[in-house]
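Next comes entry-v4.pdb, a file with PDB, C-alpha atoms.
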MODEL        1
ATOM      1  CA  MET A   5      41.735 -61.380   6.755
ATOM      2  CA  GLN A   6      41.555 -58.744   9.467
ATOM      3  CA  THR A   7      41.359 -59.404  13.172
ATOM      4  CA  ARG A   8      39.928 -57.155  15.846
ATOM      5  CA  SER A   9      43.390 -56.090  16.965
ATOM      6  CA  SER A  10      44.379 -55.057  13.419
ATOM      7  CA  LEU A  11      41.286 -52.822  13.170
ATOM      8  CA  LYS A  12      42.512 -50.592  15.975
ATOM      9  CA  GLN A  13      44.144 -47.312  15.155
ATOM     10  CA  ILE A  14      46.300 -45.162  17.357
ATOM     11  CA  SER A  15      44.858 -41.764  18.118
ATOM     12  CA  ALA A  16      46.835 -38.893  19.608
ATOM     13  CA  PHE A  17      46.243 -40.143  23.157
ATOM     14  CA  THR A  18      44.374 -43.461  23.215
ATOM     15  CA  LEU A  19      43.732 -46.658  21.358
ATOM     16  CA  VAL A  20      40.479 -46.488  19.368
ATOM     17  CA  SER A  21      38.514 -49.435  18.013
ATOM     18  CA  LYS A  22      36.869 -49.205  14.573
ATOM     19  CA  LEU A  23      34.237 -51.822  15.403
ATOM     20  CA  GLU A  24      31.047 -50.947  17.290
ATOM     21  CA  PRO A  25      30.087 -53.892  19.505
ATOM     22  CA  LYS A  26      26.485 -55.065  19.495
ATOM     23  CA  LYS A  27      26.587 -56.636  22.956
ATOM     24  CA  VAL A  28      28.241 -55.811  26.269
ATOM     25  CA  ASP A  29      30.215 -59.071  26.203
ATOM     26  CA  GLU A  30      31.914 -57.976  22.982
ATOM     27  CA  ALA A  31      32.737 -54.556  24.476
ATOM     28  CA  LEU A  32      34.198 -56.063  27.642
ATOM     29  CA  ASN A  33      36.743 -57.973  25.540
ATOM     30  CA  ASP A  34      38.068 -54.751  23.975
ATOM     31  CA  GLU A  35      40.233 -52.415  26.062
ATOM     32  CA  SER A  36      39.136 -49.227  24.280
ATOM     33  CA  TRP A  37      35.435 -49.966  24.855
ATOM     34  CA  THR A  38      35.923 -50.881  28.523
ATOM     35  CA  LYS A  39      37.690 -47.532  28.958
ATOM     36  CA  ALA A  40      34.728 -45.773  27.295
ATOM     37  CA  MET A  41      32.306 -47.602  29.609
ATOM     38  CA  GLN A  42      34.369 -46.691  32.675
ATOM     39  CA  ASP A  43      34.487 -43.041  31.550
ATOM     40  CA  GLU A  44      30.671 -43.001  31.366
ATOM     41  CA  LEU A  45      30.338 -44.473  34.871
ATOM     42  CA  ASP A  46      32.933 -42.032  36.220
ATOM     43  CA  GLN A  47      30.968 -39.167  34.709
ATOM     44  CA  PHE A  48      27.817 -40.351  36.496
ATOM     45  CA  GLU A  49      29.688 -40.340  39.793
ATOM     46  CA  ARG A  50      31.319 -36.961  39.128
ATOM     47  CA  ASN A  51      27.968 -35.320  38.250
ATOM     48  CA  GLN A  52      26.115 -37.121  41.069
ATOM     49  CA  VAL A  53      23.483 -38.403  38.637
ATOM     50  CA  TRP A  54      22.100 -41.135  40.856
ATOM     51  CA  LYS A  55      22.331 -42.696  44.267
ATOM     52  CA  LEU A  56      21.834 -46.330  45.115
ATOM     53  CA  ALA A  57      18.627 -47.024  47.014
ATOM     54  CA  PRO A  58      16.977 -50.237  48.215
ATOM     55  CA  ARG A  59      14.294 -51.609  45.922
ATOM     56  CA  PRO A  60      10.760 -51.157  47.283
ATOM     57  CA  LYS A  61       8.528 -54.220  47.308
ATOM     58  CA  TYR A  62       6.136 -54.712  44.387
ATOM     59  CA  VAL A  63       7.894 -52.144  42.193
ATOM     60  CA  SER A  64       9.375 -53.062  38.833
ATOM     61  CA  VAL A  65      12.958 -52.072  38.183
ATOM     62  CA  ILE A  66      13.726 -50.103  35.033
ATOM     63  CA  GLY A  67      16.430 -51.804  33.038
ATOM     64  CA  THR A  68      19.471 -50.230  31.422
ATOM     65  CA  LYS A  69      21.239 -50.769  28.141
ATOM     66  CA  TRP A  70      24.699 -49.863  26.833
ATOM     67  CA  ILE A  71      24.860 -48.003  23.514
ATOM     68  CA  PHE A  72      28.201 -48.039  21.681
ATOM     69  CA  ARG A  73      29.109 -45.497  18.979
ATOM     70  CA  ASN A  74      32.271 -44.371  17.222
ATOM     71  CA  LYS A  75      32.620 -40.578  17.087
ATOM     72  CA  MET A  76      34.311 -39.146  13.993
ATOM     73  CA  ASN A  77      36.000 -35.868  13.156
ATOM     74  CA  GLU A  78      35.310 -33.712  10.086
ATOM     75  CA  SER A  79      37.465 -35.862   7.818
ATOM     76  CA  GLY A  80      35.640 -39.069   8.776
ATOM     77  CA  GLN A  81      38.355 -40.601  10.942
ATOM     78  CA  ILE A  82      37.289 -42.304  14.149
ATOM     79  CA  VAL A  83      38.465 -40.156  17.037
ATOM     80  CA  ILE A  84      36.854 -41.667  20.132
ATOM     81  CA  ASN A  85      34.734 -44.601  21.245
ATOM     82  CA  LYS A  86      31.645 -43.413  23.114
ATOM     83  CA  ALA A  87      29.635 -45.659  25.418
ATOM     84  CA  ARG A  88      26.319 -44.492  26.879
ATOM     85  CA  LEU A  89      24.310 -46.152  29.623
ATOM     86  CA  VAL A  90      20.640 -45.431  28.988
ATOM     87  CA  ALA A  91      17.404 -46.388  30.709
ATOM     88  CA  GLU A  92      15.046 -48.657  28.824
ATOM     89  CA  GLY A  93      12.357 -46.001  28.649
ATOM     90  CA  TYR A  94       9.774 -48.145  26.918
ATOM     91  CA  SER A  95       9.094 -49.878  30.235
ATOM     92  CA  GLN A  96       8.351 -46.626  32.075
ATOM     93  CA  GLN A  97       4.899 -45.209  32.791
ATOM     94  CA  LYS A  98       4.257 -41.493  33.311
ATOM     95  CA  ASP A  99       3.457 -40.439  36.915
ATOM     96  CA  ILE A 100       4.474 -43.900  38.143
ATOM     97  CA  ASP A 101       8.147 -44.160  37.157
ATOM     98  CA  TYR A 102       8.804 -40.491  36.348
ATOM     99  CA  ASN A 103       7.229 -37.056  36.730
ATOM    100  CA  GLU A 104       9.463 -34.849  34.578
ATOM    101  CA  ASN A 105      10.267 -34.687  30.876
ATOM    102  CA  PHE A 106      13.581 -33.414  29.585
ATOM    103  CA  ALA A 107      14.232 -31.818  26.203
ATOM    104  CA  PRO A 108      17.010 -33.288  24.081
ATOM    105  CA  VAL A 109      20.253 -31.339  23.873
ATOM    106  CA  ALA A 110      20.896 -29.470  20.612
ATOM    107  CA  ARG A 111      23.883 -30.551  18.566
ATOM    108  CA  LEU A 112      26.759 -28.122  18.183
ATOM    109  CA  GLU A 113      26.411 -28.170  14.386
ATOM    110  CA  SER A 114      22.765 -27.065  14.661
ATOM    111  CA  ILE A 115      23.680 -24.151  16.898
ATOM    112  CA  ARG A 116      26.435 -23.057  14.488
ATOM    113  CA  ILE A 117      24.025 -23.122  11.532
ATOM    114  CA  LEU A 118      21.455 -21.134  13.489
ATOM    115  CA  LEU A 119      24.035 -18.516  14.520
ATOM    116  CA  ALA A 120      25.345 -18.227  10.953
ATOM    117  CA  TYR A 121      21.803 -17.867   9.537
ATOM    118  CA  ALA A 122      20.608 -15.295  12.109
ATOM    119  CA  PRO A 123      22.490 -12.249  10.669
ATOM    120  CA  PHE A 124      20.849 -12.772   7.271
ATOM    121  CA  LYS A 125      17.374 -12.503   8.805
ATOM    122  CA  LEU A 126      18.060  -9.168  10.562
TER     123      LEU A 126
ENDMDL
END
Would you mind giving the structure from this file in structure tokens?
Amino acid sequence: MQTRSSLKQISAFTLVSKLEPKKVDEALNDESWTKAMQDELDQFERNQVWKLAPRPKYVSVIGTKWIFRNKMNESGQIVINKARLVAEGYSQQKDIDYNENFAPVARLESIRILLAYAPFKL
């Protein structure tokens, strides 16, 4: 029988959890996931992503959701717990809730493959 505390492994710098929580309540009970959540909120503040504004009357508020993922290195070992706070986009309506679209960011592996393949096409 394994408990949550026995499923933690020690990384070079931090404690990393092997379990990905399904709900925020589960993440708040685990120190490594609360650190990942705090890192995400600190990054928002550092990059000045949003500012708090009063809610206008008769306007629906777009909800948010926490996404929890374990990031692994090349050998498949869990290196870091990553928490992302995302908007529940399915409740948004174009030109009412937003005016701009943003392209997704390319993964580093995709860029490496593209750069390695480019010399063969020249």
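Taking atom CA of Lys86 of chain A as the reference point, atom CA of Leu118 of chain A is found at 26.3 Å.
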Open item on the list: Please compute the atom CA of Ile71 of chain A-atom CA of Arg88 of chain A distance, one decimal, in Å.
Closed with: 5.1 Å
TODO: Quote the spacing between atom CA of Phe48 of chain A and atom CA of Phe72 of chain A in Å to one decimal place.
DONE: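 These atoms are spaced 16.7 Å apart.
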Open item on the list: For a quick check of understanding, using all atoms listed in the file, which of A:Glu78, A:Pro123, A:Trp70, A:Pro58 has the smallest distance to Asp29 of chain A?
Closed with: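 Looking at the shortest contact to Asp29 of chain A, the residue is A:Trp70.
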Would you give the centre and edge lengths, in Å to one decimal, of a box along x, y and z around the listed atoms of segment 106-109 of chain A, with 4 Å added to each side, as JSON?
{"center_x": 16.9, "center_y": -32.4, "center_z": 26.7, "size_x": 14.7, "size_y": 10.1, "size_z": 13.7}
Task: Explicit residue set for the PyMOL selection byres ((chain A and resi 24) around 9), as a ChimeraX atom specification - done: /A:21-23,25-26,31,37,72-74,85
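Among the candidate residues A:Ile117, A:Ala122, A:Val28, A:Ala87, the one lying nearest to Gln47 of chain A is A:Ala87, with distances computed using all atoms listed in the file.
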- [ ] May I ask which of the residues A:Asp43, A:Glu104, A:Glu92, A:Asp34 is the closest one to Ile66 of chain A, counting all atoms listed in the file?
- [x]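 Closest residue, counting all atoms listed in the file: A:Glu92.
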Generate a file for chain A, containing C-alpha atoms, as a JSON list (two decimals), in the first residue's frame.
[["chain", "number", "residue", "atom", "x", "y", "z"],
["A", 5, "MET", "CA", 0.00, 0.00, 0.00],
["A", 6, "GLN", "CA", 1.36, 3.39, -0.98],
["A", 7, "THR", "CA", 0.34, 6.70, 0.53],
["A", 8, "ARG", "CA", 0.54, 10.12, -1.06],
["A", 9, "SER", "CA", 3.64, 10.99, 0.94],
["A", 10, "SER", "CA", 5.46, 7.84, -0.23],
["A", 11, "LEU", "CA", 4.78, 8.76, -3.88],
["A", 12, "LYS", "CA", 6.87, 11.91, -3.61],
["A", 13, "GLN", "CA", 10.37, 11.92, -4.95],
["A", 14, "ILE", "CA", 13.15, 14.35, -4.19],
["A", 15, "SER", "CA", 14.33, 16.33, -7.17],
["A", 16, "ALA", "CA", 17.55, 18.34, -7.25],
["A", 17, "PHE", "CA", 15.87, 21.37, -5.66],
["A", 18, "THR", "CA", 12.25, 20.66, -4.71],
["A", 19, "LEU", "CA", 9.82, 18.01, -3.64],
["A", 20, "VAL", "CA", 7.81, 16.67, -6.59],
["A", 21, "SER", "CA", 4.53, 14.77, -6.41],
["A", 22, "LYS", "CA", 3.89, 11.85, -8.80],
["A", 23, "LEU", "CA", 0.11, 12.20, -8.57],
["A", 24, "GLU", "CA", -1.81, 14.71, -10.69],
["A", 25, "PRO", "CA", -4.76, 16.01, -8.67],
["A", 26, "LYS", "CA", -8.17, 16.16, -10.33],
["A", 27, "LYS", "CA", -9.56, 18.91, -8.10],
["A", 28, "VAL", "CA", -8.18, 22.03, -6.45],
["A", 29, "ASP", "CA", -8.97, 20.66, -2.98],
["A", 30, "GLU", "CA", -6.63, 17.73, -3.60],
["A", 31, "ALA", "CA", -3.87, 20.08, -4.82],
["A", 32, "LEU", "CA", -4.20, 22.37, -1.81],
["A", 33, "ASN", "CA", -3.43, 19.43, 0.49],
["A", 34, "ASP", "CA", -0.09, 18.77, -1.26],
["A", 35, "GLU", "CA", 2.83, 21.14, -0.66],
["A", 36, "SER", "CA", 4.41, 20.63, -4.09],
["A", 37, "TRP", "CA", 1.17, 21.48, -5.91],
["A", 38, "THR", "CA", 0.48, 24.56, -3.79],
["A", 39, "LYS", "CA", 3.99, 25.76, -4.67],
["A", 40, "ALA", "CA", 3.24, 25.18, -8.37],
["A", 41, "MET", "CA", -0.03, 27.13, -8.04],
["A", 42, "GLN", "CA", 1.74, 30.00, -6.26],
["A", 43, "ASP", "CA", 4.44, 30.06, -8.96],
["A", 44, "GLU", "CA", 1.73, 30.46, -11.62],
["A", 45, "LEU", "CA", 0.09, 33.34, -9.73],
["A", 46, "ASP", "CA", 3.47, 34.99, -9.15],
["A", 47, "GLN", "CA", 4.18, 34.75, -12.87],
["A", 48, "PHE", "CA", 0.89, 36.52, -13.63],
["A", 49, "GLU", "CA", 1.87, 39.35, -11.30],
["A", 50, "ARG", "CA", 5.43, 39.54, -12.65],
["A", 51, "ASN", "CA", 4.23, 39.72, -16.29],
["A", 52, "GLN", "CA", 1.34, 42.07, -15.43],
["A", 53, "VAL", "CA", -1.16, 39.77, -17.15],
["A", 54, "TRP", "CA", -4.27, 41.21, -15.56],
["A", 55, "LYS", "CA", -5.56, 43.89, -13.26],
["A", 56, "LEU", "CA", -8.49, 43.62, -10.91],
["A", 57, "ALA", "CA", -11.50, 45.66, -12.00],
["A", 58, "PRO", "CA", -15.02, 46.02, -10.60],
["A", 59, "ARG", "CA", -17.63, 43.83, -12.25],
["A", 60, "PRO", "CA", -20.03, 45.77, -14.50],
["A", 61, "LYS", "CA", -23.74, 45.16, -13.97],
["A", 62, "TYR", "CA", -25.47, 42.62, -16.21],
["A", 63, "VAL", "CA", -22.20, 41.11, -17.44],
["A", 64, "SER", "CA", -21.37, 37.45, -16.92],
["A", 65, "VAL", "CA", -18.03, 36.62, -15.37],
["A", 66, "ILE", "CA", -15.78, 34.17, -17.18],
["A", 67, "GLY", "CA", -14.75, 31.37, -14.87],
["A", 68, "THR", "CA", -11.30, 29.90, -14.39],
["A", 69, "LYS", "CA", -10.01, 26.39, -13.90],
["A", 70, "TRP", "CA", -6.75, 24.94, -12.59],
["A", 71, "ILE", "CA", -4.98, 22.38, -14.79],
["A", 72, "PHE", "CA", -2.39, 20.16, -13.11],
["A", 73, "ARG", "CA", 0.31, 18.28, -15.06],
["A", 74, "ASN", "CA", 3.56, 16.52, -14.24],
["A", 75, "LYS", "CA", 6.42, 17.53, -16.56],
["A", 76, "MET", "CA", 8.97, 14.82, -17.37],
["A", 77, "ASN", "CA", 12.52, 14.82, -18.67],
["A", 78, "GLU", "CA", 13.84, 12.71, -21.56],
["A", 79, "SER", "CA", 14.19, 9.59, -19.42],
["A", 80, "GLY", "CA", 10.58, 9.76, -18.22],
["A", 81, "GLN", "CA", 11.25, 10.91, -14.67],
["A", 82, "ILE", "CA", 8.95, 13.55, -13.22],
["A", 83, "VAL", "CA", 10.93, 16.76, -12.90],
["A", 84, "ILE", "CA", 8.39, 19.43, -11.98],
["A", 85, "ASN", "CA", 4.73, 19.87, -11.11],
["A", 86, "LYS", "CA", 3.09, 22.44, -13.38],
["A", 87, "ALA", "CA", -0.15, 24.20, -12.50],
["A", 88, "ARG", "CA", -1.92, 26.42, -15.04],
["A", 89, "LEU", "CA", -4.82, 28.77, -14.40],
["A", 90, "VAL", "CA", -6.90, 28.94, -17.56],
["A", 91, "ALA", "CA", -10.09, 30.73, -18.56],
["A", 92, "GLU", "CA", -13.13, 28.60, -19.26],
["A", 93, "GLY", "CA", -13.24, 29.66, -22.89],
["A", 94, "TYR", "CA", -16.37, 27.74, -23.78],
["A", 95, "SER", "CA", -18.42, 30.41, -22.02],
["A", 96, "GLN", "CA", -16.95, 33.26, -24.07],
["A", 97, "GLN", "CA", -18.56, 34.88, -27.11],
["A", 98, "LYS", "CA", -16.55, 36.63, -29.83],
["A", 99, "ASP", "CA", -16.82, 40.46, -29.89],
["A", 100, "ILE", "CA", -18.59, 40.38, -26.52],
["A", 101, "ASP", "CA", -16.00, 38.83, -24.19],
["A", 102, "TYR", "CA", -12.93, 39.12, -26.43],
["A", 103, "ASN", "CA", -11.77, 40.79, -29.64],
["A", 104, "GLU", "CA", -8.40, 39.13, -30.30],
["A", 105, "ASN", "CA", -7.29, 35.59, -31.06],
["A", 106, "PHE", "CA", -3.88, 34.29, -30.09],
["A", 107, "ALA", "CA", -1.94, 31.52, -31.81],
["A", 108, "PRO", "CA", -0.69, 28.66, -29.65],
["A", 109, "VAL", "CA", 3.01, 28.60, -28.81],
["A", 110, "ALA", "CA", 5.12, 26.02, -30.68],
["A", 111, "ARG", "CA", 6.77, 23.33, -28.61],
["A", 112, "LEU", "CA", 10.55, 23.31, -28.40],
["A", 113, "GLU", "CA", 10.70, 19.78, -29.84],
["A", 114, "SER", "CA", 8.79, 20.92, -32.94],
["A", 115, "ILE", "CA", 11.18, 23.79, -33.52],
["A", 116, "ARG", "CA", 14.19, 21.47, -33.17],
["A", 117, "ILE", "CA", 12.74, 19.03, -35.72],
["A", 118, "LEU", "CA", 12.02, 21.86, -38.13],
["A", 119, "LEU", "CA", 15.55, 23.27, -37.79],
["A", 120, "ALA", "CA", 17.10, 19.82, -38.25],
["A", 121, "TYR", "CA", 14.95, 19.12, -41.35],
["A", 122, "ALA", "CA", 15.54, 22.51, -43.02],
["A", 123, "PRO", "CA", 19.15, 21.84, -44.23],
["A", 124, "PHE", "CA", 17.99, 18.72, -46.10],
["A", 125, "LYS", "CA", 15.49, 20.76, -48.12],
["A", 126, "LEU", "CA", 18.06, 23.35, -49.29]]
